Amino acid sequence: MVGTVPRLTVDRKRLEETINSLARIGMTGNGSERTAYSIKEMRAKDVLTHLMRRIGLAVKIDGVGNVFGRTKQGRGPVVMIGSHIDTVPGGGRFDGVVGVASGIEVVKTIIEGNIELRHPIEVCAFSAEESSRFGVSTLGSAVVAGELDAKDIEPLRDRRGTRLGEILARLGGAHDAINRSKRDPSDLHAYLELHVEQGPILEAEGKKIGVVSAISASSRLRVRFLGRADHSGTTPMNLRKDALIAASELILAVERICKSEVSKVVGTVGAVNVIPNAMNVIPGTVELGIDIRSVVSELKKKAADLVLDEARRIAERRHIGLEASIIKEDQPVTLNKEIVALFEDVCRSSGIPYVDMISGAGHDAMKMARITRSGLVFVPSRRGLSHNPDEWTDLGDIEVGANCLLQAALRLAT
Amino acid sequence: MVFLVKKTRILDSKQIDALINLLSKRILRSVKDQKEVVLIGIKTRGVYLSRRIADKLAQSLEVHLGTLDITLYRDDLNVLQENLTVGESEINFDLNGKTVVLVDDVLFTGRTIRAALDQVLDLGRPAVIHLAVLVDRGHRELPICATFTGKKVKTQRGDRVEIKLKEKDGVDEAYIIGSR
């Protein structure tokens, strides 16, 4: 890796065309909608296979519909450049597509530059990165990384009751094919991903690239306060067991607890279910869904424990019942230090203003980090907007990101 | 109850060969001022026809050959019952600005061609798209017509037109099959 790295650059116009040809499928006004395993998403994958074959890549589709396009040059473990092309309902044009399109542009630039590859490069679009259809996010990369297998994903159902196993069987992904999608770590040299930030930090700090060192994970808590539903007119204030007031206290406590670990923990009470939810009835039962995230496991656990303690204290003081539990606890992922350093070095040597950051959202890179050295870089999202048709990233910023990806790929693969 | 099915041969091997020659000549004439042409065969039999036409054109100009599987674009697609696969179309070159000739064996309702057009336009933006068919059997349900037609055949709406090609069926023949 010592010596001069050729200063190739990507072709901005071609990159724009590639983004457009994917984002156009399922276009909805300003945004795009390609739900995992929908016809639109499959058509986009079909277009993707064409884009890959057109630049001379050998295309493979695994048992969960992940699409891989591999350079014919290079031997041994691959440098993988990936992201996803599925979207949330009412999604934007950039989430995921930017990473896959940039991967294609990077490889095209390398091929055109007649650069000899030591390692093959594989561009990849993972299936079902978004959890909106089957409730599981980064599904395709989780299977590739061996975190999930056929028995985990086949029983998953969407809201209409369609079983994922059935969809995959029709796609040619029978049980064994799903399990064969797991990749051996020895097949992989590194994994690189470019993604839109989906948050406001880069724009606020005036930086072009966010080099992600860790991806936070969430703990999900379900807290149910059990008070008593009474007549709102006849029950004196001192005799009430109002579950919603208890819940309100806890909501404020979540903010207080998470704020005390400034910038290390974020906490959200995103779901409130009030029963019976009528204006003339004192709330009898209130259920809260609480999401606490951090890149530091211990802090996340501490915050979750403090929230549960606080819930107990509130319930005791108000003489009402409590059912509380942690329903999901994921582990934060630290990305590979060498790849982080590589991205930082690429930014420094190219004069790209960058910032080290953590990712508050999950990405395929966090699954791939289980099996190979993985790195993730962000490009700015206008107003931090994402999962929204108005999501926007300037083409010039995407170009900077793609060039950063190109230099990193060159250093790893040549 | 007994249904009588009548099977009439409309083309033999020699005639099919002659029609492919005819189509090739017509295509060549229409693109004679160009250096290259793209032939895209619609699966299944359009693929074999496109290969035969490509062989004939290849002496005169550069031919790029691709195949199209229109399943994901069909207007009667039942997503809950059919096997849907990705990447079955093989077009290993850029379509932007090219002259494209779609090739199919039979032109009937026009729905297959509508699907093929939508698919091709998702893959790129050709300068022109033509259609070449071996047999046009009428009964269109969409405003679509072929640029190059081998033979027009009168049929009843309920008839079946069966094209057999050596590559798949071991023989070159065409039949109309209908109840009489």
# chains A, B, ... in the order shown; residues from 1 in each chain; ligands from 1
call {"tool": "residues_around", "arguments": {"residues": "range 230-245 of chain A", "least_positions_apart": "3", "cutoff": "12 Å", "atoms": "only C-alpha atoms", "output": "count of residues only"}}
result
37
call {"tool": "residues_around", "arguments": {"residues": "range 139-156 of chain B", "least_positions_apart": "5", "cutoff": "6 Å", "atoms": "only C-alpha atoms", "output": "list in words"}}
result
Leu19, Phe108, Thr109, Gly110, His130, Leu131, Ala132, Val133 and Leu134 of chain B
call {"tool": "interface_residues", "arguments": {"of": "chain B", "to": "chain A", "cutoff": "6 Å", "atoms": "only C-alpha atoms", "output": "PyMOL selection string"}}
result
chain B and resi 83-87+92-93+123
call {"tool": "select_by_dssp", "arguments": {"residues": "chain B", "states": "strand (DSSP E)", "output": "ChimeraX atom specification"}}
result
/B:5-11,36-42,62-68,99-107,128-136,148-152,160-164,173-179
call {"tool": "residues_around", "arguments": {"residues": "Ile40 in chain B", "least_positions_apart": "3", "cutoff": "6 Å", "atoms": "only C-alpha atoms", "output": "MDAnalysis selection string"}}
result
chainID B and resid 65:67 102:103
call {"tool": "atom_distance", "arguments": {"atom1": "CA of Ala408 in chain A", "atom2": "CA of Gln331 in chain A"}}
result
27.1 Å
call {"tool": "residues_around", "arguments": {"residues": "Arg45 in chain B", "least_positions_apart": "5", "cutoff": "10 Å", "atoms": "only C-alpha atoms", "output": "JSON, numbers by chain"}}
result
{"B": [50, 103, 104, 105, 106, 163, 164, 165, 167, 168, 169]}
call {"tool": "decode", "arguments": {"residues": "range 73-104 of chain B", "atoms": "N, CA and C atoms", "output": "tab-separated table (two decimals), in the first residue's frame"}}
result
chain	number	residue	atom	x	y	z
B	73	TYR	N	-42.56	-7.19	-15.74
B	73	TYR	CA	-43.27	-6.06	-16.34
B	73	TYR	C	-44.63	-6.44	-16.92
B	74	ARG	N	-45.02	-7.72	-16.75
B	74	ARG	CA	-46.29	-8.16	-17.31
B	74	ARG	C	-47.46	-7.47	-16.62
B	75	ASP	N	-48.54	-7.20	-17.39
B	75	ASP	CA	-49.69	-6.52	-16.76
B	75	ASP	C	-50.64	-7.50	-16.09
B	76	ASP	N	-50.37	-8.80	-16.23
B	76	ASP	CA	-51.22	-9.78	-15.54
B	76	ASP	C	-50.40	-10.56	-14.52
B	77	LEU	N	-49.36	-9.91	-14.01
B	77	LEU	CA	-48.47	-10.58	-13.08
B	77	LEU	C	-49.19	-10.86	-11.77
B	78	ASN	N	-49.15	-12.11	-11.33
B	78	ASN	CA	-49.70	-12.46	-10.03
B	78	ASN	C	-48.54	-12.69	-9.09
B	79	VAL	N	-48.25	-11.67	-8.29
B	79	VAL	CA	-47.03	-11.74	-7.48
B	79	VAL	C	-47.11	-12.81	-6.41
B	80	LEU	N	-48.32	-13.28	-6.13
B	80	LEU	CA	-48.42	-14.27	-5.06
B	80	LEU	C	-48.32	-15.69	-5.58
B	81	GLN	N	-48.35	-15.86	-6.91
B	81	GLN	CA	-48.34	-17.22	-7.42
B	81	GLN	C	-47.16	-17.55	-8.31
B	82	GLU	N	-46.53	-16.55	-8.83
B	82	GLU	CA	-45.54	-16.87	-9.84
B	82	GLU	C	-44.11	-16.77	-9.32
B	83	ASN	N	-43.25	-17.50	-9.97
B	83	ASN	CA	-41.85	-17.40	-9.60
B	83	ASN	C	-41.26	-16.16	-10.23
B	84	LEU	N	-40.79	-15.29	-9.39
B	84	LEU	CA	-40.23	-14.04	-9.88
B	84	LEU	C	-38.73	-14.08	-9.69
B	85	THR	N	-38.02	-13.88	-10.76
B	85	THR	CA	-36.57	-13.88	-10.60
B	85	THR	C	-36.01	-12.58	-11.13
B	86	VAL	N	-34.87	-12.27	-10.62
B	86	VAL	CA	-34.21	-11.02	-10.95
B	86	VAL	C	-32.99	-11.34	-11.80
B	87	GLY	N	-32.70	-10.48	-12.74
B	87	GLY	CA	-31.44	-10.64	-13.48
B	87	GLY	C	-31.51	-11.65	-14.62
B	88	GLU	N	-32.73	-12.02	-15.04
B	88	GLU	CA	-32.86	-13.01	-16.11
B	88	GLU	C	-32.63	-12.39	-17.49
B	89	SER	N	-32.81	-11.08	-17.58
B	89	SER	CA	-32.52	-10.41	-18.84
B	89	SER	C	-31.02	-10.20	-18.92
B	90	GLU	N	-30.46	-10.42	-20.09
B	90	GLU	CA	-29.01	-10.24	-20.23
B	90	GLU	C	-28.73	-9.21	-21.32
B	91	ILE	N	-28.43	-8.03	-20.90
B	91	ILE	CA	-28.06	-6.98	-21.85
B	91	ILE	C	-26.76	-6.39	-21.34
B	92	ASN	N	-25.67	-6.83	-21.91
B	92	ASN	CA	-24.36	-6.50	-21.34
B	92	ASN	C	-23.72	-5.27	-21.98
B	93	PHE	N	-24.54	-4.34	-22.43
B	93	PHE	CA	-24.00	-3.14	-23.08
B	93	PHE	C	-24.96	-1.99	-22.82
B	94	ASP	N	-24.50	-0.80	-23.11
B	94	ASP	CA	-25.27	0.41	-22.88
B	94	ASP	C	-26.34	0.57	-23.97
B	95	LEU	N	-27.55	0.90	-23.57
B	95	LEU	CA	-28.63	1.07	-24.55
B	95	LEU	C	-28.83	2.53	-24.95
B	96	ASN	N	-28.22	3.44	-24.19
B	96	ASN	CA	-28.47	4.87	-24.43
B	96	ASN	C	-28.03	5.29	-25.83
B	97	GLY	N	-28.97	5.91	-26.55
B	97	GLY	CA	-28.67	6.44	-27.88
B	97	GLY	C	-28.60	5.39	-28.98
B	98	LYS	N	-28.84	4.11	-28.64
B	98	LYS	CA	-28.70	3.05	-29.64
B	98	LYS	C	-29.99	2.85	-30.44
B	99	THR	N	-29.83	2.19	-31.60
B	99	THR	CA	-30.99	1.73	-32.35
B	99	THR	C	-31.26	0.29	-31.91
B	100	VAL	N	-32.43	0.09	-31.34
B	100	VAL	CA	-32.77	-1.21	-30.77
B	100	VAL	C	-33.86	-1.86	-31.62
B	101	VAL	N	-33.67	-3.15	-31.90
B	101	VAL	CA	-34.74	-3.92	-32.53
B	101	VAL	C	-35.16	-5.02	-31.57
B	102	LEU	N	-36.41	-4.94	-31.09
B	102	LEU	CA	-36.95	-6.03	-30.27
B	102	LEU	C	-37.37	-7.14	-31.22
B	103	VAL	N	-37.11	-8.37	-30.84
B	103	VAL	CA	-37.44	-9.50	-31.71
B	103	VAL	C	-38.32	-10.49	-30.95
B	104	ASP	N	-39.47	-10.84	-31.55
B	104	ASP	CA	-40.32	-11.86	-30.93
B	104	ASP	C	-40.88	-12.76	-32.04
